Structures are given as structure tokens and as C-alpha cells.
>>> print(open('work-v6.csv').read())   # CSV, C-alpha atoms
chain,number,residue,atom,x,y,z
I,1,MET,CA,7.8,-5.3,36.3
I,2,ARG,CA,7.5,-7.6,33.3
I,3,TRP,CA,4.2,-8.4,31.6
I,4,LEU,CA,3.3,-10.8,28.9
I,5,ALA,CA,0.5,-9.9,26.5
I,6,ASP,CA,-1.0,-12.4,24.0
I,7,VAL,CA,-2.5,-10.3,21.3
I,8,HIS,CA,-4.9,-12.0,18.9
I,9,VAL,CA,-5.3,-10.2,15.6
I,10,ARG,CA,-8.3,-11.4,13.6
I,11,LEU,CA,-10.0,-10.3,10.4
I,12,ARG,CA,-13.3,-8.6,10.9
I,13,PRO,CA,-16.4,-10.6,10.3
I,14,GLY,CA,-17.4,-10.4,6.7
I,15,ILE,CA,-13.9,-9.7,5.4
I,16,ALA,CA,-13.0,-12.4,2.9
I,17,ASP,CA,-10.3,-14.7,4.2
I,18,PRO,CA,-8.8,-16.7,1.3
I,19,GLU,CA,-6.1,-18.2,3.5
I,20,GLY,CA,-8.8,-19.5,5.9
I,21,LEU,CA,-10.8,-20.8,3.0
I,22,THR,CA,-7.8,-22.7,1.6
I,23,ILE,CA,-7.0,-24.2,5.0
I,24,ALA,CA,-10.6,-25.3,5.4
I,25,GLY,CA,-10.4,-26.9,2.0
I,26,GLY,CA,-7.2,-28.7,3.0
I,27,LEU,CA,-8.8,-30.0,6.2
I,28,ARG,CA,-11.8,-31.3,4.3
I,29,ALA,CA,-9.5,-33.0,1.8
I,30,LEU,CA,-7.8,-34.8,4.7
I,31,GLY,CA,-11.1,-36.2,5.7
I,32,PHE,CA,-12.3,-33.7,8.3
I,33,SER,CA,-15.6,-33.4,6.4
I,34,THR,CA,-17.4,-31.6,9.2
I,35,VAL,CA,-15.2,-28.5,9.0
I,36,ASP,CA,-17.5,-25.5,8.3
I,37,GLU,CA,-15.1,-22.6,8.4
I,38,VAL,CA,-11.5,-21.6,9.2
I,39,ARG,CA,-10.6,-18.0,9.9
I,40,ALA,CA,-6.8,-17.2,9.8
I,41,GLY,CA,-5.3,-14.7,12.2
I,42,LYS,CA,-2.1,-13.9,14.1
I,43,LEU,CA,-1.0,-14.5,17.7
I,44,LEU,CA,1.6,-12.0,18.9
I,45,ARG,CA,3.2,-12.6,22.4
I,46,ILE,CA,4.7,-9.4,23.7
I,47,ALA,CA,6.9,-9.1,26.8
I,48,PHE,CA,7.3,-5.7,28.2
I,49,GLN,CA,7.9,-3.6,31.3
I,50,ALA,CA,5.2,-1.6,33.0
I,51,ASP,CA,4.7,-0.3,36.6
I,52,ASP,CA,1.3,-1.8,37.2
I,53,ARG,CA,-1.6,-3.5,35.6
I,54,SER,CA,-3.4,-0.4,34.5
I,55,ALA,CA,-0.3,1.0,32.9
I,56,ALA,CA,0.3,-2.4,31.2
I,57,GLU,CA,-3.3,-2.5,29.9
I,58,ALA,CA,-3.0,1.1,28.5
I,59,ALA,CA,0.3,0.1,26.8
I,60,VAL,CA,-1.2,-3.0,25.1
I,61,ASP,CA,-4.3,-1.1,24.0
I,62,ALA,CA,-2.1,1.6,22.4
I,63,MET,CA,0.1,-1.0,20.7
I,64,CYS,CA,-3.0,-2.6,19.1
I,65,ARG,CA,-4.5,0.7,18.0
I,66,ARG,CA,-1.3,2.2,16.6
I,67,LEU,CA,0.3,-0.7,14.9
I,68,LEU,CA,-0.8,-4.3,15.5
I,69,ALA,CA,-4.2,-4.2,13.9
I,70,ASN,CA,-5.4,-2.3,10.9
I,71,PRO,CA,-8.9,-1.2,11.9
I,72,VAL,CA,-10.0,-1.3,8.2
I,73,MET,CA,-9.9,-5.0,8.2
I,74,GLU,CA,-8.8,-6.3,11.6
I,75,THR,CA,-9.7,-6.5,15.3
I,76,ALA,CA,-7.3,-7.1,18.1
I,77,ASP,CA,-8.1,-8.6,21.5
I,78,TRP,CA,-5.6,-9.6,24.2
I,79,GLU,CA,-4.9,-11.3,27.4
I,80,LEU,CA,-2.4,-9.9,29.9
I,81,ARG,CA,-0.5,-11.5,32.7
I,82,ALA,CA,2.3,-10.6,35.0
I,83,GLU,CA,5.4,-12.7,34.4
I,84,VAL,CA,5.8,-15.3,37.2
I,85,ASP,CA,8.8,-14.7,39.4
I,86,GLN,CA,10.9,-17.9,39.0
I,87,ALA,CA,12.2,-18.0,42.6
I,88,ALA,CA,8.9,-17.4,44.4
I,89,GLY,CA,6.7,-19.2,41.8
I,90,GLU,CA,4.3,-16.3,42.2
I,91,PRO,CA,3.4,-13.3,40.1
I,92,VAL,CA,5.6,-10.4,41.0
I,93,PRO,CA,3.3,-8.0,43.1
Q,1,MET,CA,10.6,24.0,-17.7
Q,2,SER,CA,14.3,24.7,-17.6
Q,3,ARG,CA,15.1,21.4,-15.9
Q,4,GLY,CA,13.4,18.1,-15.2
Q,5,PRO,CA,11.5,17.4,-11.9
Q,6,ARG,CA,13.6,16.4,-9.0
Q,7,VAL,CA,12.2,13.1,-7.8
Q,8,ALA,CA,13.1,11.4,-4.6
Q,9,VAL,CA,12.8,7.6,-4.9
Q,10,VAL,CA,12.5,6.1,-1.4
Q,11,VAL,CA,14.3,2.9,-0.5
Q,12,PHE,CA,13.2,0.9,2.5
Q,13,PRO,CA,14.9,-2.4,3.5
Q,14,GLY,CA,13.4,-4.8,1.0
Q,15,THR,CA,12.4,-2.3,-1.7
Q,16,TRP,CA,13.2,-3.8,-5.1
Q,17,SER,CA,11.9,-1.5,-7.8
Q,18,GLU,CA,13.9,1.7,-7.0
Q,19,ARG,CA,16.6,1.1,-9.7
Q,20,ASP,CA,13.9,0.6,-12.4
Q,21,PHE,CA,12.7,4.1,-11.6
Q,22,LEU,CA,16.3,5.4,-11.8
Q,23,HIS,CA,16.7,3.6,-15.1
Q,24,VAL,CA,13.7,5.2,-16.7
Q,25,ALA,CA,14.1,8.6,-15.1
Q,26,PRO,CA,16.2,10.0,-18.1
Q,27,LEU,CA,13.5,8.8,-20.5
Q,28,VAL,CA,11.0,11.3,-18.9
Q,29,GLY,CA,13.5,13.9,-17.9
Q,30,TRP,CA,13.6,13.3,-14.2
Q,31,GLU,CA,16.5,14.2,-12.0
Q,32,ALA,CA,16.0,11.2,-9.8
Q,33,ARG,CA,17.9,10.1,-6.7
Q,34,LEU,CA,17.6,7.4,-4.1
Q,35,VAL,CA,16.7,8.4,-0.5
Q,36,TRP,CA,17.2,5.9,2.3
Q,37,HIS,CA,14.2,5.4,4.5
Q,38,ALA,CA,16.1,6.5,7.6
Q,39,GLU,CA,16.6,10.0,6.1
Q,40,PRO,CA,14.4,12.6,7.8
Q,41,SER,CA,14.3,14.8,4.7
Q,42,LEU,CA,13.7,14.7,1.0
Q,43,GLY,CA,15.9,17.6,0.3
Q,44,ASP,CA,14.8,19.8,-2.6
Q,45,ALA,CA,12.7,17.1,-4.2
Q,46,ASP,CA,9.6,18.3,-6.2
Q,47,ALA,CA,8.0,14.8,-6.0
Q,48,VAL,CA,8.5,11.5,-4.3
Q,49,VAL,CA,8.1,7.9,-5.5
Q,50,LEU,CA,7.5,4.9,-3.1
Q,51,PRO,CA,8.5,2.0,-5.3
Q,52,GLY,CA,7.5,-1.7,-5.1
Q,53,GLY,CA,9.1,-4.4,-3.1
Q,54,PHE,CA,8.7,-5.8,0.4
Q,55,ALA,CA,9.6,-3.0,2.7
Q,56,HIS,CA,10.7,-4.3,6.1
Q,57,GLY,CA,9.9,-7.8,4.8
Q,58,ASP,CA,6.1,-7.0,4.7
Q,59,HIS,CA,6.1,-8.3,8.3
Q,60,LEU,CA,2.9,-7.9,10.4
Q,61,ARG,CA,1.1,-6.4,7.3
Q,62,THR,CA,2.4,-5.0,4.0
Q,63,GLY,CA,3.5,-1.4,4.6
Q,64,ALA,CA,2.8,-1.5,8.4
Q,65,ILE,CA,6.3,-1.0,9.6
Q,66,ALA,CA,7.5,1.2,6.7
Q,67,ARG,CA,4.9,3.7,7.7
Q,68,PHE,CA,7.0,4.5,10.8
Q,69,SER,CA,10.3,5.0,8.9
Q,70,PRO,CA,11.6,8.6,9.5
Q,71,VAL,CA,11.3,9.5,5.8
Q,72,MET,CA,7.6,9.1,5.9
Q,73,ARG,CA,7.1,12.3,7.9
Q,74,ALA,CA,8.8,14.2,5.1
Q,75,VAL,CA,6.7,12.3,2.5
Q,76,GLU,CA,3.5,13.4,4.4
Q,77,GLU,CA,4.7,17.0,4.6
Q,78,LEU,CA,5.4,17.1,0.9
Q,79,ALA,CA,1.9,15.6,0.2
Q,80,ASP,CA,0.3,18.1,2.6
Q,81,ARG,CA,1.9,20.9,0.6
Q,82,GLY,CA,0.3,19.5,-2.6
Q,83,GLY,CA,3.6,17.8,-3.7
Q,84,PRO,CA,3.2,14.8,-6.0
Q,85,VAL,CA,3.5,11.4,-4.4
Q,86,LEU,CA,3.4,8.1,-6.4
Q,87,GLY,CA,3.1,4.8,-4.6
Q,88,SER,CA,3.4,1.7,-6.8
Q,89,CYS,CA,2.7,-1.8,-5.6
Q,90,ASN,CA,4.3,-1.9,-2.1
Q,91,GLY,CA,4.4,1.9,-2.2
Q,92,PHE,CA,0.6,1.8,-2.6
Q,93,GLN,CA,0.3,-0.5,0.4
Q,94,ILE,CA,2.5,1.9,2.4
Q,95,LEU,CA,0.4,4.9,1.5
Q,96,CYS,CA,-2.7,3.1,2.7
Q,97,GLU,CA,-1.1,2.0,6.0
Q,98,ALA,CA,0.1,5.6,6.5
Q,99,GLY,CA,-3.5,6.8,6.1
Q,100,MET,CA,-2.5,9.0,3.1
Q,101,LEU,CA,-4.9,7.0,0.9
Q,102,PRO,CA,-8.0,5.1,2.2
Q,103,GLY,CA,-8.5,1.4,2.2
Q,104,VAL,CA,-6.1,-1.6,2.4
Q,105,LEU,CA,-4.5,-4.1,0.1
Q,106,MET,CA,-5.0,-7.7,1.2
Q,107,ARG,CA,-4.0,-11.2,0.0
Q,108,ASN,CA,-5.1,-11.9,-3.5
Q,109,ASP,CA,-8.3,-13.9,-3.5
Q,110,HIS,CA,-6.7,-16.9,-5.3
Q,111,LEU,CA,-3.7,-16.7,-2.9
Q,112,GLN,CA,-1.2,-16.8,-5.8
Q,113,PHE,CA,1.5,-14.2,-6.5
Q,114,ARG,CA,0.5,-12.8,-9.9
Q,115,CYS,CA,3.2,-11.5,-12.2
Q,116,ASP,CA,1.7,-10.6,-15.6
Q,117,TRP,CA,0.8,-7.8,-18.1
Q,118,GLN,CA,-2.5,-6.3,-17.1
Q,119,TRP,CA,-5.0,-4.2,-19.0
Q,120,LEU,CA,-6.4,-1.2,-17.1
Q,121,ARG,CA,-9.1,1.3,-17.8
Q,122,VAL,CA,-8.4,4.9,-17.0
Q,123,GLU,CA,-11.4,6.1,-15.0
Q,124,ARG,CA,-10.5,9.7,-14.8
Q,125,PRO,CA,-7.5,11.6,-16.0
Q,126,LEU,CA,-6.7,13.7,-13.0
Q,127,GLY,CA,-3.9,14.8,-10.7
Q,128,ALA,CA,-0.2,14.7,-10.8
Q,129,TRP,CA,0.2,11.3,-12.4
Q,130,LEU,CA,-2.6,11.0,-14.9
Q,131,ALA,CA,-2.5,14.2,-16.9
Q,132,PRO,CA,-5.3,14.8,-19.4
Q,133,ASP,CA,-2.6,15.4,-22.1
Q,134,GLU,CA,-1.4,11.9,-21.6
Q,135,VAL,CA,-4.5,9.8,-20.9
Q,136,ALA,CA,-8.2,10.2,-21.5
Q,137,GLU,CA,-11.2,8.9,-19.7
Q,138,GLY,CA,-11.9,5.3,-20.9
Q,139,ASP,CA,-8.4,4.8,-22.3
Q,140,VAL,CA,-7.2,1.2,-21.9
Q,141,ILE,CA,-3.6,0.9,-21.0
Q,142,ARG,CA,-1.3,-2.0,-20.3
Q,143,LEU,CA,1.1,-2.2,-17.4
Q,144,PRO,CA,2.8,-5.1,-15.5
Q,145,ILE,CA,1.5,-6.3,-12.2
Q,146,SER,CA,3.6,-8.2,-9.7
Q,147,HIS,CA,2.1,-8.8,-6.3
Q,148,GLY,CA,0.6,-11.3,-3.9
Q,149,GLU,CA,-1.3,-8.8,-1.9
Q,150,GLY,CA,-3.2,-6.5,-4.2
Q,151,ARG,CA,-6.8,-7.0,-3.3
Q,152,TYR,CA,-8.2,-3.6,-2.6
Q,153,GLN,CA,-10.6,-3.4,0.2
Q,154,ALA,CA,-12.4,-0.5,2.0
Q,155,ASP,CA,-15.4,-0.3,4.1
Q,156,PRO,CA,-18.7,0.6,2.3
Q,157,ALA,CA,-18.8,4.2,3.4
Q,158,VAL,CA,-15.2,4.8,2.2
Q,159,LEU,CA,-15.8,3.0,-1.1
Q,160,ASP,CA,-18.9,5.1,-1.7
Q,161,GLU,CA,-16.9,8.3,-1.0
Q,162,LEU,CA,-14.2,7.2,-3.4
Q,163,GLU,CA,-16.6,6.3,-6.2
Q,164,ARG,CA,-18.8,9.4,-5.8
Q,165,GLY,CA,-15.7,11.7,-5.5
Q,166,GLY,CA,-14.3,10.3,-8.8
Q,167,ARG,CA,-11.1,9.2,-6.9
Q,168,VAL,CA,-10.9,5.7,-8.5
Q,169,ALA,CA,-8.2,6.4,-11.1
Q,170,LEU,CA,-7.6,3.0,-12.6
Q,171,ARG,CA,-9.6,-0.3,-12.8
Q,172,TYR,CA,-8.6,-3.7,-13.9
Q,173,ALA,CA,-10.2,-4.5,-17.2
Q,174,ASP,CA,-9.9,-6.6,-20.3
Q,175,GLU,CA,-8.3,-5.4,-23.6
Q,176,GLN,CA,-11.7,-3.7,-24.6
Q,177,GLY,CA,-11.9,-1.9,-21.2
Q,178,ARG,CA,-14.6,-4.1,-19.9
Q,179,MET,CA,-14.6,-5.1,-16.2
Q,180,THR,CA,-15.1,-8.8,-16.0
Q,181,PRO,CA,-14.3,-11.3,-13.2
Q,182,ASP,CA,-11.6,-12.8,-15.3
Q,183,ALA,CA,-10.0,-9.4,-15.9
Q,184,ASN,CA,-9.7,-8.8,-12.1
Q,185,PRO,CA,-6.3,-10.3,-11.1
Q,186,ASN,CA,-6.7,-10.3,-7.4
Q,187,GLY,CA,-10.4,-9.9,-6.3
Q,188,SER,CA,-10.2,-6.1,-5.7
Q,189,LEU,CA,-13.5,-4.4,-4.8
Q,190,ASN,CA,-15.0,-2.7,-7.8
Q,191,GLY,CA,-11.9,-3.8,-9.8
Q,192,ILE,CA,-9.9,-0.9,-8.2
Q,193,ALA,CA,-6.3,-0.8,-9.3
Q,194,GLY,CA,-5.4,2.7,-8.3
Q,195,VAL,CA,-6.9,5.6,-6.2
Q,196,VAL,CA,-6.0,9.2,-5.6
Q,197,ASN,CA,-6.3,11.5,-2.6
Q,198,GLY,CA,-8.8,14.4,-2.6
Q,199,ARG,CA,-6.3,16.9,-4.1
Q,200,GLY,CA,-5.1,14.5,-6.8
Q,201,ASN,CA,-1.4,14.9,-5.9
Q,202,VAL,CA,-1.1,11.4,-4.3
Q,203,LEU,CA,-1.7,8.3,-6.5
Q,204,GLY,CA,-1.4,4.7,-5.3
Q,205,LEU,CA,-1.6,1.9,-7.8
Q,206,MET,CA,-0.7,-1.8,-7.8
Q,207,PRO,CA,0.7,-1.9,-11.3
Q,208,HIS,CA,4.3,-0.9,-12.2
Q,209,PRO,CA,4.5,2.0,-14.6
Q,210,GLU,CA,8.3,2.0,-14.4
Q,211,ARG,CA,8.3,-1.5,-15.9
Q,212,ALA,CA,6.5,-0.3,-19.1
Q,213,ALA,CA,8.7,2.5,-20.3
Q,214,GLU,CA,10.6,0.9,-23.2
Q,215,ASP,CA,9.6,-1.0,-26.3
Q,216,GLU,CA,12.2,-3.6,-25.5
Q,217,VAL,CA,10.3,-4.7,-22.4
Q,218,GLY,CA,6.9,-5.0,-24.2
Q,219,GLY,CA,5.2,-1.7,-23.7
Q,220,THR,CA,5.5,2.0,-23.0
Q,221,ASP,CA,2.2,3.0,-21.4
Q,222,GLY,CA,4.0,3.6,-18.1
Q,223,LEU,CA,5.6,6.6,-19.7
Q,224,ARG,CA,2.2,8.2,-19.9
Q,225,LEU,CA,1.9,8.2,-16.1
Q,226,LEU,CA,5.5,9.2,-15.5
Q,227,ARG,CA,5.4,12.1,-18.0
Q,228,SER,CA,2.3,13.4,-16.4
Q,229,LEU,CA,4.4,14.7,-13.4
Q,230,ASP,CA,6.2,17.3,-15.5
Q,231,ARG,CA,2.9,18.7,-16.8
Q,232,TRP,CA,1.4,18.9,-13.3
Q,233,LEU,CA,4.5,20.7,-11.9
Q,234,VAL,CA,4.5,23.2,-14.7
Q,235,GLY,CA,0.8,23.9,-13.9
Q,236,GLN,CA,1.4,24.4,-10.2
Q,237,PRO,CA,2.4,28.0,-9.3
Q,238,ALA,CA,4.2,26.9,-6.1
Q,239,ALA,CA,6.4,24.5,-8.0
Q,240,ALA,CA,6.9,27.0,-10.9
Q,241,GLU,CA,8.2,29.5,-8.4
Q,242,ARG,CA,11.1,27.3,-7.6
Q,243,LEU,CA,12.2,26.8,-11.2
>>> encode(input="work-v6.csv", output="C-alpha cells")
Amino acid sequence: MRWLADVHVRLRPGIADPEGLTIAGGLRALGFSTVDEVRAGKLLRIAFQADDRSAAEAAVDAMCRRLLANPVMETADWELRAEVDQAAGEPVP
Amino acid sequence: MSRGPRVAVVVFPGTWSERDFLHVAPLVGWEARLVWHAEPSLGDADAVVLPGGFAHGDHLRTGAIARFSPVMRAVEELADRGGPVLGSCNGFQILCEAGMLPGVLMRNDHLQFRCDWQWLRVERPLGAWLAPDEVAEGDVIRLPISHGEGRYQADPAVLDELERGGRVALRYADEQGRMTPDANPNGSLNGIAGVVNGRGNVLGLMPHPERAAEDEVGGTDGLRLLRSLDRWLVGQPAAAERL
């Protein structure tokens, strides 16, 4: 069955994020004076096949560890859901 | 040495400095040839260069996809046997992603792409690419830089290991060899511009030695790094056996 994973790749706390700083500066310049901090990251939506939830979770976990995040500077967390069957309007069992 | 070192210059989709290395190869006596990233072998190469550019578009992270190209297994095998590997700019980023060198190169602290001549202090002449005959400790050399993501970062334990092990090869400096905030072009930790692995056969650096090999382009300090290879190979029994 087909699964959808939303993987959020973020910089680890304490890692300098010049992109986030620059965006924060832009927001303040626009008048959003209460902005304290912006941290930039990535959202990756991955559609893939797996037999069941535990296999799908194991696959996403391996993808994150082996490629999607560099543990020196990044963390990855994710949400996983079964793709909804269009005809039934329900997640495929 | 009866012939020059055979050097494989790896080309990934998006690599842009490979022909500069081919151009300067005759100046340092290299028999250089290009090797496409999908090749599983480096043939009879004595050494390998990972040139600068934007391998696989730098998508996801710089070097992240290149690391899985088939040729990288052969590069790792060569390095494991003590074979010299040079990663310049994007090549340095790839070596870090592949785990062949520690740390990571991140977006420059000022967010700008920086293309300029840069002074560098030689911290320690060692390994395949910084021969003591060519450079001395404390030498100040001048090489071009050309990158948007060159800010060297490593966690404190790794940084400590690098510093104490004398594996920081080059630091950003001013013309007098002083490390100042203004002399650091990208915000790298400890001004680190280049590091070597434990055996000294793998060097990664953000500057471009191949772009400083002729007087016409403004400097020849790059030759000192490139010429080091020959001296290293002559000194290595395993390499000498093959000559």
C-alpha cells in the first residue's frame, strides 16, 4: 500500500542559521516587530509503498538516517499516513 | 619517477572545475583523465581529485547525493589503501558527506557567494597534498575561493580531536598570516579552510589550487599543493612498486 511521509529536516539547536536570521530581519523590516527568531528548515513529502505501518515507519526512519538529514547539523522528524483510497474515502487497510 | 602520477579527476553532473585540473595537469607532470561519476572503477589511478562545482545540483545538501554515486566506492577504496584524495570546494563538501573527512560545510554566515583571492596560513605541512618541500608551517599562501557554502562546522568533540591531532591543514588568514574576523570569508569555526584525515592522504579544502597555477591568472601558490602529490607518491613504497 501507498504511504505519505512528511519529513521535517531542521538545524540542531545552537547551529547558526544565517538564512533564518535574514528572514527574521526581513519580517521585522516589514513591521512584524515582535518576531524573535526564525529557524529555516526543509519539508520533504515522500510517497512510497510498504506492506504495513511498521514497515513504513522503518523505511522512513532509514531514509532519514541514511540521506535526508546530516546528523552533524540536522535532525529529522516525520509524520506518516496511509494514502486515502479515493473510491472508499478511507485509508486503505 | 619515470612518469607522472596518474590522476583521476571525477566528474559529477554539475561539476565545473574538472577542466581546470586537466589544464594545469601538464604543469605538474600529471597524467590526468576525467572519470564519470557512474564509473565503478578508477582504473590504474594513483590519486583522485574531486573538483569543485555543484554535483547533482547540490540538492538536499551539498555533496549529499554525490556521495552515493558509484565512483565513490572506488574513491573510498583508494583512500583506504592510503591513496591520495584531494577534494576542493564541492569536492570537500562531498568528502565530508561521505564521512571520509569529519564535519560539514554550511551556508556562509553572510549568505553571499564569495568569489575572491584569499590568504591562507599553512598550519602543518603534512600528507599527500602539503609536502614539507613545498610548504612550511606558518607559510601564508594565496588561493582563490568561490563558494556560497563553505562555513566549516563540526561538533566540539570532533573539533577538539582535529585541533589536537594537528589535522587542520589550512586556515583563513590575512596577508600577515593573522586570523582575524575580517580574514574569515565565511564564518568557518576556528577559521578552518582545509582538513586532512588521520593518515594525511585525504585533504579537503574550500579554496581552488587549480585556479592558482599560472602567473597569468594572478598567482601560482596552487602549484605547491599539486606538486606535493609527486613527492608523496615517490615516498610511498606501495606506489613506488607500481612505477
>>> interface_residues(input="work-v6.csv", of="chain Q", to="chain I", cutoff="12 Å", atoms="only C-alpha atoms", output="short mmCIF file (atom, residue, chain, number, x, y, z; two decimals) with C-alpha atoms, keeping the file's coordinate frame")
data_model
loop_
_atom_site.label_atom_id
_atom_site.label_comp_id
_atom_site.auth_asym_id
_atom_site.auth_seq_id
_atom_site.Cartn_x
_atom_site.Cartn_y
_atom_site.Cartn_z
CA HIS Q 59 6.10 -8.30 8.30
CA LEU Q 60 2.90 -7.90 10.40
CA ARG Q 61 1.10 -6.40 7.30
CA THR Q 62 2.40 -5.00 4.00
CA GLY Q 63 3.50 -1.40 4.60
CA ALA Q 64 2.80 -1.50 8.40
CA ILE Q 65 6.30 -1.00 9.60
CA ALA Q 66 7.50 1.20 6.70
CA ARG Q 67 4.90 3.70 7.70
CA PHE Q 68 7.00 4.50 10.80
CA CYS Q 96 -2.70 3.10 2.70
CA GLU Q 97 -1.10 2.00 6.00
CA ALA Q 98 0.10 5.60 6.50
CA GLY Q 99 -3.50 6.80 6.10
CA PRO Q 102 -8.00 5.10 2.20
CA GLY Q 103 -8.50 1.40 2.20
CA VAL Q 104 -6.10 -1.60 2.40
CA LEU Q 105 -4.50 -4.10 0.10
CA MET Q 106 -5.00 -7.70 1.20
CA ARG Q 107 -4.00 -11.20 0.00
CA ASN Q 108 -5.10 -11.90 -3.50
CA ASP Q 109 -8.30 -13.90 -3.50
CA HIS Q 110 -6.70 -16.90 -5.30
CA LEU Q 111 -3.70 -16.70 -2.90
CA GLN Q 112 -1.20 -16.80 -5.80
CA GLU Q 149 -1.30 -8.80 -1.90
CA ARG Q 151 -6.80 -7.00 -3.30
CA TYR Q 152 -8.20 -3.60 -2.60
CA GLN Q 153 -10.60 -3.40 0.20
CA ALA Q 154 -12.40 -0.50 2.00
CA ASP Q 155 -15.40 -0.30 4.10
CA PRO Q 156 -18.70 0.60 2.30
CA ALA Q 157 -18.80 4.20 3.40
CA VAL Q 158 -15.20 4.80 2.20
CA LEU Q 159 -15.80 3.00 -1.10
CA ASN Q 186 -6.70 -10.30 -7.40
CA GLY Q 187 -10.40 -9.90 -6.30
CA SER Q 188 -10.20 -6.10 -5.70
CA LEU Q 189 -13.50 -4.40 -4.80
#
>>> atom_distance(input="work-v6.csv", atom1="atom CA of Glu214 of chain Q", atom2="atom CA of Trp129 of chain Q")
18.2 Å
>>> residues_around(input="work-v6.csv", residues="Asp46 of chain Q", least_positions_apart="5", cutoff="12 Å", atoms="all atoms listed in the file", output="ChimeraX atom specification")
/Q:3-9,30-33,75,77-79,81-86,128,201,229-230,232-234,236,238-243
>>> atom_distance(input="work-v6.csv", atom1="atom CA of Ala76 of chain I", atom2="atom CA of Arg45 of chain I")
12.6 Å
>>> closest_residue(input="work-v6.csv", among="I:Ala56, I:Leu27, I:Ala40, I:Ala47", to="His8 of chain I", atoms="all atoms listed in the file")
I:Ala40
>>> build_atoms(input="work-v6.csv", residues="segment 132-146 of chain Q", atoms="N, CA and C atoms", output="compact mmCIF listing (two decimals), keeping the file's coordinate frame")
# COMPACT_ATOMS: atom_id res chain seq x y z
N PRO Q 132 -4.37 14.93 -18.30
CA PRO Q 132 -5.30 14.80 -19.40
C PRO Q 132 -4.56 14.84 -20.79
N ASP Q 133 -3.37 15.44 -20.84
CA ASP Q 133 -2.60 15.40 -22.10
C ASP Q 133 -2.06 14.03 -22.41
N GLU Q 134 -1.97 13.20 -21.39
CA GLU Q 134 -1.40 11.90 -21.60
C GLU Q 134 -2.37 10.76 -21.65
N VAL Q 135 -3.46 10.88 -20.89
CA VAL Q 135 -4.50 9.80 -20.90
C VAL Q 135 -5.86 10.49 -20.92
N ALA Q 136 -6.81 9.75 -21.50
CA ALA Q 136 -8.20 10.20 -21.50
C ALA Q 136 -9.08 9.25 -20.82
N GLU Q 137 -10.23 9.74 -20.36
CA GLU Q 137 -11.20 8.90 -19.70
C GLU Q 137 -11.56 7.72 -20.62
N GLY Q 138 -11.52 6.52 -20.09
CA GLY Q 138 -11.90 5.30 -20.90
C GLY Q 138 -10.72 4.74 -21.65
N ASP Q 139 -9.57 5.39 -21.65
CA ASP Q 139 -8.40 4.80 -22.30
C ASP Q 139 -8.10 3.44 -21.62
N VAL Q 140 -7.64 2.51 -22.44
CA VAL Q 140 -7.20 1.20 -21.90
C VAL Q 140 -5.71 1.13 -22.06
N ILE Q 141 -5.02 0.99 -20.94
CA ILE Q 141 -3.60 0.90 -21.00
C ILE Q 141 -3.09 -0.41 -20.44
N ARG Q 142 -1.84 -0.71 -20.70
CA ARG Q 142 -1.30 -2.00 -20.30
C ARG Q 142 -0.04 -1.85 -19.52
N LEU Q 143 -0.08 -2.35 -18.28
CA LEU Q 143 1.10 -2.20 -17.40
C LEU Q 143 1.30 -3.59 -16.69
N PRO Q 144 2.53 -3.85 -16.28
CA PRO Q 144 2.80 -5.10 -15.50
C PRO Q 144 2.25 -4.98 -14.10
N ILE Q 145 1.78 -6.13 -13.60
CA ILE Q 145 1.50 -6.30 -12.20
C ILE Q 145 2.43 -7.34 -11.62
N SER Q 146 2.70 -7.27 -10.33
CA SER Q 146 3.60 -8.20 -9.70
C SER Q 146 3.37 -8.17 -8.21
